[in-house]
Each structure stands twice: as structure tokens, then as C-alpha cells.
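Participant: Once you've had a glance at the structure underneath, I'll fire off some questions.
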Amino acid sequence: MKTVNIAIDGPAGAGKSTIAKMVSKQLGYIYVDTGALYRTIALYITENKIPDKDIEKSLGKADVSLKFIDGAQRVFLGKRDVSDLIRTPEISMAASRTSAIPAVRAYLFETQQKIARENNVIMDGRDIGTVVLPDADVKIFLTASAEERANRRYKELLEKPDCPTYQEILDDIIKRDYQDMHRETAPLKQAEDAVLVDTTELNLEESAAAIVKIISEKIKK
């Protein structure tokens, strides 16, 4: 039986993960956060202080895997659940850099495609519709203004004692956008057949509803 694959791409802070989780729950699909895989590789490289020249030959020792526990995706480095450790600003920036390395992308490519072949999935990332799942049944490019993305992130971090300023977050997002769009390997861009969804003026529920509507209309055709 053919599986249904939904690709959601977009810049950092656009709410891809949160919205994709909401949509997958409504539709009964498996949610795959590919960014978590790249973050885990970045964590592995950072923790082990691996220089760039040694990254390719070290990847085989990383042992990155996804597990679905009680319907939720958890990411493991070896036997260690690192789902929370990979969400720091340091690892976010490191992931943007390491995800541009061809060897890293090749290492994780088959993992992502295998999941999609075997399950109905909603997969989000930077190059899902353009590279990982070019034949996805539905492609969505989810975005919001840099200022709104920074504002959302600032509100998320506000209660933490080491919360960065709004301007620091905005500067990081602008820098991350530039890195992702100008990297040589699989740069962030909207697939030609992707539907653009701008959530600047939408809340999470409205954003999820808009995407569910797009998917329902596309799948029926």
C-alpha cells in the first residue's frame, strides 16, 4: 500500500515542528522532525570536539536513531535520549553549520527516506520537498517574518534565567536564515510545487487548520 508523505519546509523559528505535530495528530500520521537528527549530529560533534577534517570518518560512530514512544518522537545518541539536550541555542547554530556538510546529509538521508517509505508521515526540515522527498504528495513552505519568529522565540525563553534579549534572538535568526539559504549543499528554498503558508498573522491553531485544509484538498485530487 502506498504511503502518504507530507513535506513541510521553512526557516528557523517558523513553528514547523509545533504545527507539524498538531497536524500529524489530527490526521493520524507519524511526525518526523528531521532537524532533530541534524541537531543530534551537531551535539555529537560538539561534545566530542571533532574537527571539521575528521567529521566524515567519525559519523559511523555517532549511532543516531529515532524512536516513537507513546506516539511521540524521541531522538537517541547511542542509548542516550538527547531530545532535550539538542534544543539549546548553541546546538541550533552548530546544526546549521554541520547540516551544510555533504557527508552529514548523506549519512542521514537514507534514515529519513526509509521512515517515509514505511509510514504515512509529515516530515519537516529545510530541504524535505526539494531533496529528501521530492515526490511528496503535498509540499508546504511554512514561514513568518523574522521579527515575528524572534518574538515567538523570545516569549518561549522569557522565563528561563539565561534568556537572551529579543535583539540577540532576532540577530541569531537573521544569521541562521542567511546560513541556511546560502549554503552550498541543499540550501533552504521553496520547492516549485510547494504551497506557501505565511503564519505571521496566524496563531498555532489557525496555522495548523490552514495546513490541514491544504493537505485534505491535495490528497482528494
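Simple scheme: letters A, B, ... for chains in C-alpha cells order, numbers from 1 for residues in each chain, numbers from 1 for ligands in the order shown.
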Using DSSP secondary structure from the backbone, list all strand (DSSP E or B) positions within chain A, as number ranges by chain.
Facilitator: A: 5-9, 30-33, 64-69, 72-77, 80-81, 121-125, 138-143, 195-198
Participant: Got a sec: who's within 9 Å of segment 114-121 of chain A, counting only C-alpha atoms, leaving out chain neighbours fewer than 2 positions off, as a list in words?
Facilitator: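 Once the nearby chain positions are removed, what remains is Lys2, Thr3, Val4, Asn5, Ile6, Ala7, Ser24, Gly28, Tyr29, Ile30, Tyr31, Val32, Phe109, Glu110, Thr111, Gln112, Met123 and Leu133 of chain A.
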Participant: Those residues with all heavy atoms, as a compact mmCIF listing (two decimals), in the first residue's frame please?
Facilitator:
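The file below, selection34.txt, is the result:
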# COMPACT_ATOMS: atom_id res chain seq x y z
N LYS A 2 0.56 2.19 -0.87
CA LYS A 2 1.36 3.41 -0.97
C LYS A 2 1.17 4.28 0.28
O LYS A 2 0.05 4.47 0.75
CB LYS A 2 0.96 4.20 -2.22
CG LYS A 2 1.80 5.46 -2.41
CD LYS A 2 1.30 6.26 -3.59
CE LYS A 2 2.16 7.50 -3.82
NZ LYS A 2 2.18 8.41 -2.65
N THR A 3 2.26 4.79 0.78
CA THR A 3 2.18 5.68 1.93
C THR A 3 1.97 7.12 1.45
O THR A 3 2.23 7.45 0.30
CB THR A 3 3.47 5.62 2.77
OG1 THR A 3 4.59 5.95 1.94
CG2 THR A 3 3.66 4.23 3.36
N VAL A 4 1.48 7.97 2.35
CA VAL A 4 1.28 9.39 2.06
C VAL A 4 2.39 10.18 2.75
O VAL A 4 2.60 10.05 3.95
CB VAL A 4 -0.10 9.88 2.54
CG1 VAL A 4 -0.25 11.38 2.30
CG2 VAL A 4 -1.21 9.11 1.84
N ASN A 5 3.09 10.99 1.97
CA ASN A 5 4.19 11.79 2.51
C ASN A 5 3.89 13.27 2.38
O ASN A 5 3.57 13.76 1.29
CB ASN A 5 5.50 11.48 1.77
CG ASN A 5 6.00 10.06 1.96
OD1 ASN A 5 6.89 9.62 1.27
ND2 ASN A 5 5.44 9.34 2.93
N ILE A 6 4.00 13.99 3.50
CA ILE A 6 3.79 15.43 3.53
C ILE A 6 5.11 16.09 3.90
O ILE A 6 5.71 15.74 4.92
CB ILE A 6 2.72 15.84 4.57
CG1 ILE A 6 1.46 14.98 4.44
CG2 ILE A 6 2.42 17.33 4.47
CD1 ILE A 6 0.74 15.08 3.13
N ALA A 7 5.57 17.01 3.08
CA ALA A 7 6.84 17.72 3.33
C ALA A 7 6.55 19.15 3.76
O ALA A 7 5.81 19.88 3.09
CB ALA A 7 7.70 17.72 2.07
N SER A 24 -0.11 16.34 12.38
CA SER A 24 0.06 14.88 12.34
C SER A 24 -0.90 14.18 13.30
O SER A 24 -1.44 13.11 13.01
CB SER A 24 1.51 14.49 12.64
OG SER A 24 1.86 14.85 13.96
N GLY A 28 -3.48 11.61 12.01
CA GLY A 28 -3.06 10.25 12.34
C GLY A 28 -1.80 9.81 11.63
O GLY A 28 -1.57 8.61 11.42
N TYR A 29 -0.95 10.77 11.25
CA TYR A 29 0.31 10.47 10.59
C TYR A 29 1.45 10.50 11.61
O TYR A 29 1.33 11.10 12.67
CB TYR A 29 0.62 11.50 9.49
CG TYR A 29 -0.27 11.45 8.28
CD1 TYR A 29 -1.36 10.58 8.20
CD2 TYR A 29 -0.05 12.28 7.19
CE1 TYR A 29 -2.18 10.54 7.09
CE2 TYR A 29 -0.87 12.26 6.07
CZ TYR A 29 -1.93 11.38 6.02
OH TYR A 29 -2.75 11.35 4.93
N ILE A 30 2.57 9.90 11.25
CA ILE A 30 3.77 9.98 12.08
C ILE A 30 4.49 11.29 11.78
O ILE A 30 4.69 11.64 10.62
CB ILE A 30 4.70 8.78 11.83
CG1 ILE A 30 4.10 7.52 12.45
CG2 ILE A 30 6.10 9.03 12.39
CD1 ILE A 30 4.91 6.26 12.19
N TYR A 31 4.86 12.00 12.82
CA TYR A 31 5.60 13.25 12.66
C TYR A 31 7.10 12.95 12.74
O TYR A 31 7.57 12.28 13.66
CB TYR A 31 5.22 14.25 13.73
CG TYR A 31 6.21 15.39 13.87
CD1 TYR A 31 6.40 16.28 12.82
CD2 TYR A 31 6.99 15.53 15.01
CE1 TYR A 31 7.33 17.30 12.91
CE2 TYR A 31 7.91 16.54 15.11
CZ TYR A 31 8.08 17.43 14.07
OH TYR A 31 9.01 18.43 14.17
N VAL A 32 7.86 13.45 11.75
CA VAL A 32 9.31 13.25 11.73
C VAL A 32 10.01 14.61 11.71
O VAL A 32 9.93 15.35 10.73
CB VAL A 32 9.75 12.43 10.50
CG1 VAL A 32 11.26 12.19 10.54
CG2 VAL A 32 9.02 11.10 10.45
N PHE A 109 20.37 10.88 5.13
CA PHE A 109 19.42 10.85 4.03
C PHE A 109 18.61 9.55 4.00
O PHE A 109 17.38 9.57 3.93
CB PHE A 109 20.17 11.03 2.71
CG PHE A 109 19.29 11.16 1.50
CD1 PHE A 109 18.57 12.32 1.27
CD2 PHE A 109 19.19 10.12 0.58
CE1 PHE A 109 17.76 12.45 0.14
CE2 PHE A 109 18.38 10.24 -0.53
CZ PHE A 109 17.67 11.41 -0.75
N GLU A 110 19.26 8.42 4.07
CA GLU A 110 18.58 7.14 3.97
C GLU A 110 17.66 6.90 5.16
O GLU A 110 16.58 6.32 5.02
CB GLU A 110 19.60 6.00 3.85
CG GLU A 110 19.00 4.60 3.86
CD GLU A 110 17.92 4.38 2.80
OE1 GLU A 110 17.94 5.04 1.74
OE2 GLU A 110 17.02 3.55 3.04
N THR A 111 18.06 7.36 6.34
CA THR A 111 17.22 7.21 7.53
C THR A 111 15.87 7.88 7.31
O THR A 111 14.81 7.32 7.60
CB THR A 111 17.91 7.84 8.76
OG1 THR A 111 19.13 7.16 9.03
CG2 THR A 111 17.01 7.75 10.00
N GLN A 112 15.91 9.10 6.77
CA GLN A 112 14.68 9.85 6.53
C GLN A 112 13.81 9.19 5.46
O GLN A 112 12.59 9.06 5.62
CB GLN A 112 15.04 11.28 6.11
CG GLN A 112 15.79 12.05 7.19
CD GLN A 112 16.38 13.34 6.64
OE1 GLN A 112 15.66 14.22 6.21
NE2 GLN A 112 17.69 13.46 6.68
N MET A 123 6.87 15.26 7.49
CA MET A 123 8.29 15.45 7.75
C MET A 123 8.66 16.91 7.55
O MET A 123 8.32 17.50 6.53
CB MET A 123 9.10 14.56 6.79
CG MET A 123 10.58 14.47 7.10
SD MET A 123 11.47 13.30 5.99
CE MET A 123 10.81 11.71 6.53
N LEU A 133 12.33 14.34 0.00
CA LEU A 133 11.11 13.73 -0.54
C LEU A 133 10.62 14.55 -1.73
O LEU A 133 9.56 15.20 -1.67
CB LEU A 133 10.02 13.68 0.54
CG LEU A 133 10.31 12.88 1.81
CD1 LEU A 133 9.17 12.99 2.80
CD2 LEU A 133 10.61 11.42 1.49
Participant: Using only C-alpha atoms, determine which residues lie at most 12 Å from Leu142 of chain A, disregarding the query and same-chain residues fewer than 4 positions distant; provide the list as number ranges by chain.
Facilitator: A: 7-20, 124-126, 129, 149, 188-191, 194-200, 202, 207-208, 210-211
Participant: Write the selection just made, keeping N, CA, C and O atoms, as a compact mmCIF listing (two decimals), in the first residue's frame?
Facilitator:
# COMPACT_ATOMS: atom_id res chain seq x y z
N ALA A 7 5.57 17.01 3.08
CA ALA A 7 6.84 17.72 3.33
C ALA A 7 6.55 19.15 3.76
O ALA A 7 5.81 19.88 3.09
N ILE A 8 7.12 19.55 4.90
CA ILE A 8 6.98 20.93 5.37
C ILE A 8 8.37 21.52 5.56
O ILE A 8 9.14 21.06 6.40
N ASP A 9 8.68 22.52 4.75
CA ASP A 9 9.97 23.21 4.84
C ASP A 9 9.75 24.64 5.30
O ASP A 9 8.64 25.17 5.25
N GLY A 10 10.85 25.27 5.71
CA GLY A 10 10.75 26.67 6.12
C GLY A 10 11.91 27.06 6.99
O GLY A 10 12.69 26.21 7.44
N PRO A 11 12.06 28.35 7.25
CA PRO A 11 13.19 28.84 8.04
C PRO A 11 13.07 28.54 9.53
O PRO A 11 12.00 28.13 10.00
N ALA A 12 14.16 28.75 10.25
CA ALA A 12 14.19 28.53 11.70
C ALA A 12 13.17 29.43 12.39
O ALA A 12 13.00 30.59 12.04
N GLY A 13 12.46 28.86 13.37
CA GLY A 13 11.53 29.64 14.16
C GLY A 13 10.18 29.88 13.53
O GLY A 13 9.37 30.64 14.07
N ALA A 14 9.90 29.21 12.41
CA ALA A 14 8.60 29.42 11.74
C ALA A 14 7.49 28.61 12.40
O ALA A 14 6.33 28.74 12.04
N GLY A 15 7.85 27.76 13.36
CA GLY A 15 6.85 26.93 14.04
C GLY A 15 6.60 25.61 13.37
O GLY A 15 5.58 24.94 13.63
N LYS A 16 7.53 25.19 12.49
CA LYS A 16 7.33 23.96 11.73
C LYS A 16 7.06 22.76 12.64
O LYS A 16 6.11 22.01 12.42
N SER A 17 7.90 22.58 13.64
CA SER A 17 7.79 21.39 14.49
C SER A 17 6.48 21.38 15.26
O SER A 17 5.76 20.37 15.26
N THR A 18 6.15 22.48 15.91
CA THR A 18 4.93 22.54 16.72
C THR A 18 3.69 22.35 15.86
O THR A 18 2.79 21.56 16.19
N ILE A 19 3.65 23.04 14.73
CA ILE A 19 2.48 22.95 13.84
C ILE A 19 2.39 21.58 13.18
O ILE A 19 1.31 21.00 13.08
N ALA A 20 3.54 21.03 12.76
CA ALA A 20 3.54 19.71 12.13
C ALA A 20 3.06 18.64 13.11
O ALA A 20 2.35 17.71 12.73
N ASP A 124 9.31 17.50 8.55
CA ASP A 124 9.68 18.90 8.39
C ASP A 124 11.19 19.08 8.43
O ASP A 124 11.92 18.24 8.94
N GLY A 125 11.63 20.17 7.80
CA GLY A 125 13.06 20.44 7.75
C GLY A 125 13.35 21.65 6.88
O GLY A 125 12.55 22.59 6.81
N ARG A 126 14.50 21.62 6.21
CA ARG A 126 14.91 22.71 5.33
C ARG A 126 14.86 22.33 3.85
O ARG A 126 14.72 23.17 2.99
N GLY A 129 11.06 18.93 0.76
CA GLY A 129 10.37 18.94 -0.53
C GLY A 129 11.28 19.05 -1.73
O GLY A 129 10.91 18.64 -2.83
N ARG A 149 9.10 35.69 14.20
CA ARG A 149 9.75 34.46 14.66
C ARG A 149 10.60 34.73 15.89
O ARG A 149 10.64 33.93 16.84
N LEU A 188 18.21 26.20 1.82
CA LEU A 188 16.79 26.40 2.10
C LEU A 188 16.14 27.18 0.97
O LEU A 188 16.58 28.28 0.63
N LYS A 189 15.11 26.60 0.36
CA LYS A 189 14.35 27.31 -0.66
C LYS A 189 13.00 26.63 -0.82
O LYS A 189 12.82 25.47 -0.46
N GLN A 190 12.05 27.38 -1.35
CA GLN A 190 10.72 26.84 -1.57
C GLN A 190 10.70 26.00 -2.83
O GLN A 190 11.12 26.44 -3.90
N ALA A 191 10.20 24.76 -2.72
CA ALA A 191 10.06 23.91 -3.90
C ALA A 191 9.06 24.55 -4.85
O ALA A 191 8.11 25.22 -4.43
N ALA A 194 5.49 23.71 -4.05
CA ALA A 194 5.08 23.83 -2.66
C ALA A 194 4.09 24.98 -2.48
O ALA A 194 4.14 25.98 -3.20
N VAL A 195 3.19 24.81 -1.53
CA VAL A 195 2.22 25.86 -1.20
C VAL A 195 2.83 26.74 -0.10
O VAL A 195 3.27 26.24 0.93
N LEU A 196 2.87 28.04 -0.32
CA LEU A 196 3.42 28.98 0.67
C LEU A 196 2.37 29.28 1.74
O LEU A 196 1.25 29.65 1.43
N VAL A 197 2.76 29.10 3.01
CA VAL A 197 1.89 29.43 4.14
C VAL A 197 2.64 30.39 5.06
O VAL A 197 3.63 30.00 5.69
N ASP A 198 2.20 31.64 5.11
CA ASP A 198 2.82 32.65 5.95
C ASP A 198 2.00 32.77 7.23
O ASP A 198 0.82 33.13 7.20
N THR A 199 2.62 32.47 8.38
CA THR A 199 1.90 32.44 9.65
C THR A 199 2.13 33.68 10.50
O THR A 199 1.80 33.69 11.68
N THR A 200 2.69 34.74 9.91
CA THR A 200 2.99 35.95 10.68
C THR A 200 1.77 36.46 11.43
O THR A 200 1.86 36.87 12.60
N LEU A 202 -1.00 34.58 12.00
CA LEU A 202 -1.81 33.46 12.46
C LEU A 202 -1.30 32.91 13.78
O LEU A 202 -0.09 32.90 14.02
N SER A 207 -2.81 28.27 12.05
CA SER A 207 -1.78 27.76 11.15
C SER A 207 -1.99 26.28 10.86
O SER A 207 -1.93 25.84 9.69
N ALA A 208 -2.26 25.50 11.91
CA ALA A 208 -2.50 24.07 11.74
C ALA A 208 -3.74 23.82 10.89
O ALA A 208 -3.74 22.96 10.01
N ALA A 210 -4.99 25.75 8.60
CA ALA A 210 -4.70 26.10 7.21
C ALA A 210 -3.97 24.96 6.50
O ALA A 210 -4.27 24.63 5.34
N ILE A 211 -3.05 24.32 7.20
CA ILE A 211 -2.28 23.23 6.60
C ILE A 211 -3.13 21.97 6.44
O ILE A 211 -3.04 21.28 5.42
Participant: Excluding Arg153 of chain A and any residue of its chain fewer than 3 positions from it, enumerate the residues within 10 Å of it, using only C-alpha atoms, and give them as a PyMOL selection string.
Facilitator: chain A and resi 13-15+147-150+156-158+164+166+169-170+173
Participant: Taking only C-alpha atoms into account, name the residue in A:Val82, A:Leu204, A:Ile219, A:Ile128 that is nearest to Ile140 of chain A.
Facilitator: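 For Ile140 of chain A, the nearest of the candidates is A:Ile128.
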Participant: May I have the residues within 8 Å of segment 94-97 of chain A as a PDB file with all heavy atoms, in the first residue's frame, using only C-alpha atoms and disregarding those fewer than 3 positions away in the same chain?
Facilitator:
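What follows is the written file selection.pdb:
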ATOM      1  N   TYR A  38      19.799  16.362  12.673  1.00  0.00           N
ATOM      2  CA  TYR A  38      20.968  17.215  12.435  1.00  0.00           C
ATOM      3  C   TYR A  38      21.477  17.825  13.741  1.00  0.00           C
ATOM      4  O   TYR A  38      22.686  17.981  13.938  1.00  0.00           O
ATOM      5  CB  TYR A  38      20.633  18.301  11.416  1.00  0.00           C
ATOM      6  CG  TYR A  38      20.515  17.754  10.024  1.00  0.00           C
ATOM      7  CD1 TYR A  38      19.272  17.484   9.463  1.00  0.00           C
ATOM      8  CD2 TYR A  38      21.644  17.473   9.266  1.00  0.00           C
ATOM      9  CE1 TYR A  38      19.152  16.946   8.184  1.00  0.00           C
ATOM     10  CE2 TYR A  38      21.545  16.939   7.990  1.00  0.00           C
ATOM     11  CZ  TYR A  38      20.297  16.683   7.460  1.00  0.00           C
ATOM     12  OH  TYR A  38      20.196  16.145   6.211  1.00  0.00           O
ATOM     13  N   ARG A  39      20.565  18.167  14.618  1.00  0.00           N
ATOM     14  CA  ARG A  39      20.966  18.695  15.918  1.00  0.00           C
ATOM     15  C   ARG A  39      21.749  17.646  16.715  1.00  0.00           C
ATOM     16  O   ARG A  39      22.689  17.965  17.438  1.00  0.00           O
ATOM     17  CB  ARG A  39      19.728  19.130  16.714  1.00  0.00           C
ATOM     18  CG  ARG A  39      19.082  20.426  16.231  1.00  0.00           C
ATOM     19  CD  ARG A  39      17.732  20.634  16.907  1.00  0.00           C
ATOM     20  NE  ARG A  39      17.088  21.869  16.503  1.00  0.00           N
ATOM     21  CZ  ARG A  39      17.177  23.015  17.168  1.00  0.00           C
ATOM     22  NH1 ARG A  39      17.888  23.072  18.279  1.00  0.00           N
ATOM     23  NH2 ARG A  39      16.565  24.096  16.736  1.00  0.00           N
ATOM     24  N   ILE A  41      23.588  15.189  15.475  1.00  0.00           N
ATOM     25  CA  ILE A  41      24.931  15.112  14.911  1.00  0.00           C
ATOM     26  C   ILE A  41      25.763  16.292  15.410  1.00  0.00           C
ATOM     27  O   ILE A  41      26.946  16.138  15.762  1.00  0.00           O
ATOM     28  CB  ILE A  41      24.880  15.114  13.368  1.00  0.00           C
ATOM     29  CG1 ILE A  41      24.280  13.808  12.842  1.00  0.00           C
ATOM     30  CG2 ILE A  41      26.287  15.318  12.786  1.00  0.00           C
ATOM     31  CD1 ILE A  41      25.128  12.577  13.104  1.00  0.00           C
ATOM     32  N   ALA A  42      25.155  17.473  15.457  1.00  0.00           N
ATOM     33  CA  ALA A  42      25.866  18.657  15.955  1.00  0.00           C
ATOM     34  C   ALA A  42      26.273  18.471  17.416  1.00  0.00           C
ATOM     35  O   ALA A  42      27.377  18.859  17.826  1.00  0.00           O
ATOM     36  CB  ALA A  42      24.982  19.894  15.807  1.00  0.00           C
ATOM     37  N   LEU A  43      25.383  17.867  18.213  1.00  0.00           N
ATOM     38  CA  LEU A  43      25.697  17.588  19.615  1.00  0.00           C
ATOM     39  C   LEU A  43      26.859  16.608  19.720  1.00  0.00           C
ATOM     40  O   LEU A  43      27.786  16.808  20.522  1.00  0.00           O
ATOM     41  CB  LEU A  43      24.463  17.015  20.317  1.00  0.00           C
ATOM     42  CG  LEU A  43      24.647  16.623  21.790  1.00  0.00           C
ATOM     43  CD1 LEU A  43      24.888  17.865  22.655  1.00  0.00           C
ATOM     44  CD2 LEU A  43      23.422  15.859  22.304  1.00  0.00           C
ATOM     45  N   THR A  46      30.039  18.412  18.780  1.00  0.00           N
ATOM     46  CA  THR A  46      30.396  19.389  19.804  1.00  0.00           C
ATOM     47  C   THR A  46      30.928  18.714  21.060  1.00  0.00           C
ATOM     48  O   THR A  46      31.974  19.115  21.602  1.00  0.00           O
ATOM     49  CB  THR A  46      29.175  20.260  20.163  1.00  0.00           C
ATOM     50  OG1 THR A  46      28.702  20.926  18.986  1.00  0.00           O
ATOM     51  CG2 THR A  46      29.540  21.294  21.214  1.00  0.00           C
ATOM     52  N   GLU A  90      23.156  27.050  21.322  1.00  0.00           N
ATOM     53  CA  GLU A  90      24.480  26.638  20.844  1.00  0.00           C
ATOM     54  C   GLU A  90      24.375  25.500  19.838  1.00  0.00           C
ATOM     55  O   GLU A  90      25.007  25.525  18.773  1.00  0.00           O
ATOM     56  CB  GLU A  90      25.354  26.191  22.026  1.00  0.00           C
ATOM     57  CG  GLU A  90      26.721  25.665  21.606  1.00  0.00           C
ATOM     58  CD  GLU A  90      27.465  24.958  22.728  1.00  0.00           C
ATOM     59  OE1 GLU A  90      26.861  24.719  23.796  1.00  0.00           O
ATOM     60  OE2 GLU A  90      28.646  24.621  22.524  1.00  0.00           O
ATOM     61  N   ILE A  91      23.561  24.514  20.160  1.00  0.00           N
ATOM     62  CA  ILE A  91      23.408  23.363  19.261  1.00  0.00           C
ATOM     63  C   ILE A  91      22.616  23.753  18.014  1.00  0.00           C
ATOM     64  O   ILE A  91      22.882  23.245  16.920  1.00  0.00           O
ATOM     65  CB  ILE A  91      22.747  22.178  19.995  1.00  0.00           C
ATOM     66  CG1 ILE A  91      23.651  21.696  21.129  1.00  0.00           C
ATOM     67  CG2 ILE A  91      22.488  21.033  19.030  1.00  0.00           C
ATOM     68  CD1 ILE A  91      25.068  21.299  20.693  1.00  0.00           C
ATOM     69  N   ALA A 100      25.254  21.651   6.602  1.00  0.00           N
ATOM     70  CA  ALA A 100      25.738  22.044   5.274  1.00  0.00           C
ATOM     71  C   ALA A 100      26.843  21.121   4.772  1.00  0.00           C
ATOM     72  O   ALA A 100      27.279  21.233   3.622  1.00  0.00           O
ATOM     73  CB  ALA A 100      26.247  23.482   5.311  1.00  0.00           C
ATOM     74  N   ILE A 101      27.287  20.205   5.621  1.00  0.00           N
ATOM     75  CA  ILE A 101      28.368  19.289   5.243  1.00  0.00           C
ATOM     76  C   ILE A 101      27.782  18.106   4.457  1.00  0.00           C
ATOM     77  O   ILE A 101      26.928  17.376   4.976  1.00  0.00           O
ATOM     78  CB  ILE A 101      29.101  18.779   6.498  1.00  0.00           C
ATOM     79  CG1 ILE A 101      29.715  19.961   7.266  1.00  0.00           C
ATOM     80  CG2 ILE A 101      30.178  17.762   6.128  1.00  0.00           C
ATOM     81  CD1 ILE A 101      30.289  19.589   8.615  1.00  0.00           C
ATOM     82  N   ARG A 176      20.996  32.768  10.964  1.00  0.00           N
ATOM     83  CA  ARG A 176      20.651  31.385  10.623  1.00  0.00           C
ATOM     84  C   ARG A 176      19.987  31.336   9.252  1.00  0.00           C
ATOM     85  O   ARG A 176      20.280  30.450   8.440  1.00  0.00           O
ATOM     86  CB  ARG A 176      19.711  30.825  11.695  1.00  0.00           C
ATOM     87  CG  ARG A 176      19.243  29.381  11.451  1.00  0.00           C
ATOM     88  CD  ARG A 176      20.257  28.377  11.924  1.00  0.00           C
ATOM     89  NE  ARG A 176      19.842  27.034  11.600  1.00  0.00           N
ATOM     90  CZ  ARG A 176      19.143  26.239  12.419  1.00  0.00           C
ATOM     91  NH1 ARG A 176      18.771  26.667  13.599  1.00  0.00           N
ATOM     92  NH2 ARG A 176      18.841  25.008  12.055  1.00  0.00           N
ATOM     93  N   GLN A 179      22.677  31.656   6.617  1.00  0.00           N
ATOM     94  CA  GLN A 179      23.458  30.418   6.513  1.00  0.00           C
ATOM     95  C   GLN A 179      22.680  29.345   5.765  1.00  0.00           C
ATOM     96  O   GLN A 179      23.219  28.676   4.878  1.00  0.00           O
ATOM     97  CB  GLN A 179      23.820  29.899   7.913  1.00  0.00           C
ATOM     98  CG  GLN A 179      24.904  30.698   8.623  1.00  0.00           C
ATOM     99  CD  GLN A 179      25.225  30.103   9.986  1.00  0.00           C
ATOM    100  OE1 GLN A 179      24.445  29.323  10.539  1.00  0.00           O
ATOM    101  NE2 GLN A 179      26.358  30.473  10.542  1.00  0.00           N
ATOM    102  N   ASP A 180      21.418  29.177   6.134  1.00  0.00           N
ATOM    103  CA  ASP A 180      20.604  28.108   5.535  1.00  0.00           C
ATOM    104  C   ASP A 180      20.324  28.355   4.053  1.00  0.00           C
ATOM    105  O   ASP A 180      20.290  27.422   3.254  1.00  0.00           O
ATOM    106  CB  ASP A 180      19.286  27.961   6.294  1.00  0.00           C
ATOM    107  CG  ASP A 180      19.467  27.349   7.675  1.00  0.00           C
ATOM    108  OD1 ASP A 180      20.547  26.790   7.935  1.00  0.00           O
ATOM    109  OD2 ASP A 180      18.537  27.436   8.489  1.00  0.00           O
TER     110      ASP A 180
END
Participant: Could you go through segment 47-141 of chain A and tell me which residues DSSP, when run on the backbone, assigns to alpha helix (DSSP H), listing them as a PyMOL selection string?
Facilitator: chain A and resi 47+55-58+89-98+102-118
Participant: Since we have the selection now, will you write its residues out, keeping C-alpha atoms, as a compact mmCIF listing (two decimals), in the first residue's frame?
Facilitator:
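Result went into selection.txt, see below:
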# COMPACT_ATOMS: atom_id res chain seq x y z
CA GLU A 47 30.63 17.02 22.76
CA ILE A 55 33.75 14.66 10.78
CA GLU A 56 33.12 12.37 7.81
CA LYS A 57 35.13 9.45 9.15
CA SER A 58 33.60 9.89 12.63
CA PRO A 89 20.90 27.94 21.07
CA GLU A 90 24.48 26.64 20.84
CA ILE A 91 23.41 23.36 19.26
CA SER A 92 20.93 25.16 16.98
CA MET A 93 23.71 27.27 15.49
CA ALA A 94 26.06 24.28 15.30
CA ALA A 95 23.35 22.29 13.50
CA SER A 96 23.03 24.98 10.84
CA ARG A 97 26.75 24.67 10.14
CA THR A 98 27.04 20.87 10.26
CA PRO A 102 27.60 16.84 2.37
CA ALA A 103 28.79 13.82 4.35
CA VAL A 104 26.40 14.60 7.20
CA ARG A 105 23.45 14.97 4.82
CA ALA A 106 24.31 11.72 3.05
CA TYR A 107 24.59 9.91 6.40
CA LEU A 108 21.07 10.95 7.46
CA PHE A 109 19.42 10.85 4.03
CA GLU A 110 18.58 7.14 3.97
CA THR A 111 17.22 7.21 7.53
CA GLN A 112 14.68 9.85 6.53
CA GLN A 113 13.65 8.14 3.30
CA LYS A 114 13.24 4.76 4.98
CA ILE A 115 10.80 6.21 7.52
CA ALA A 116 8.82 7.83 4.70
CA ARG A 117 8.68 4.61 2.66
CA GLU A 118 7.25 2.67 5.58
Participant: For Val23 of chain A, which of A:Asp137, A:Ile122, A:Arg152, A:Asp193 is the closest residue, counting only C-alpha atoms?
Facilitator: A:Ile122
Participant: Have a look at A:Ser83, A:Arg74, A:Lys155, A:Val138 and name the one nearest to Ser216 of chain A; count only C-alpha atoms.
Facilitator: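 For Ser216 of chain A, the nearest of the given residues is A:Val138.
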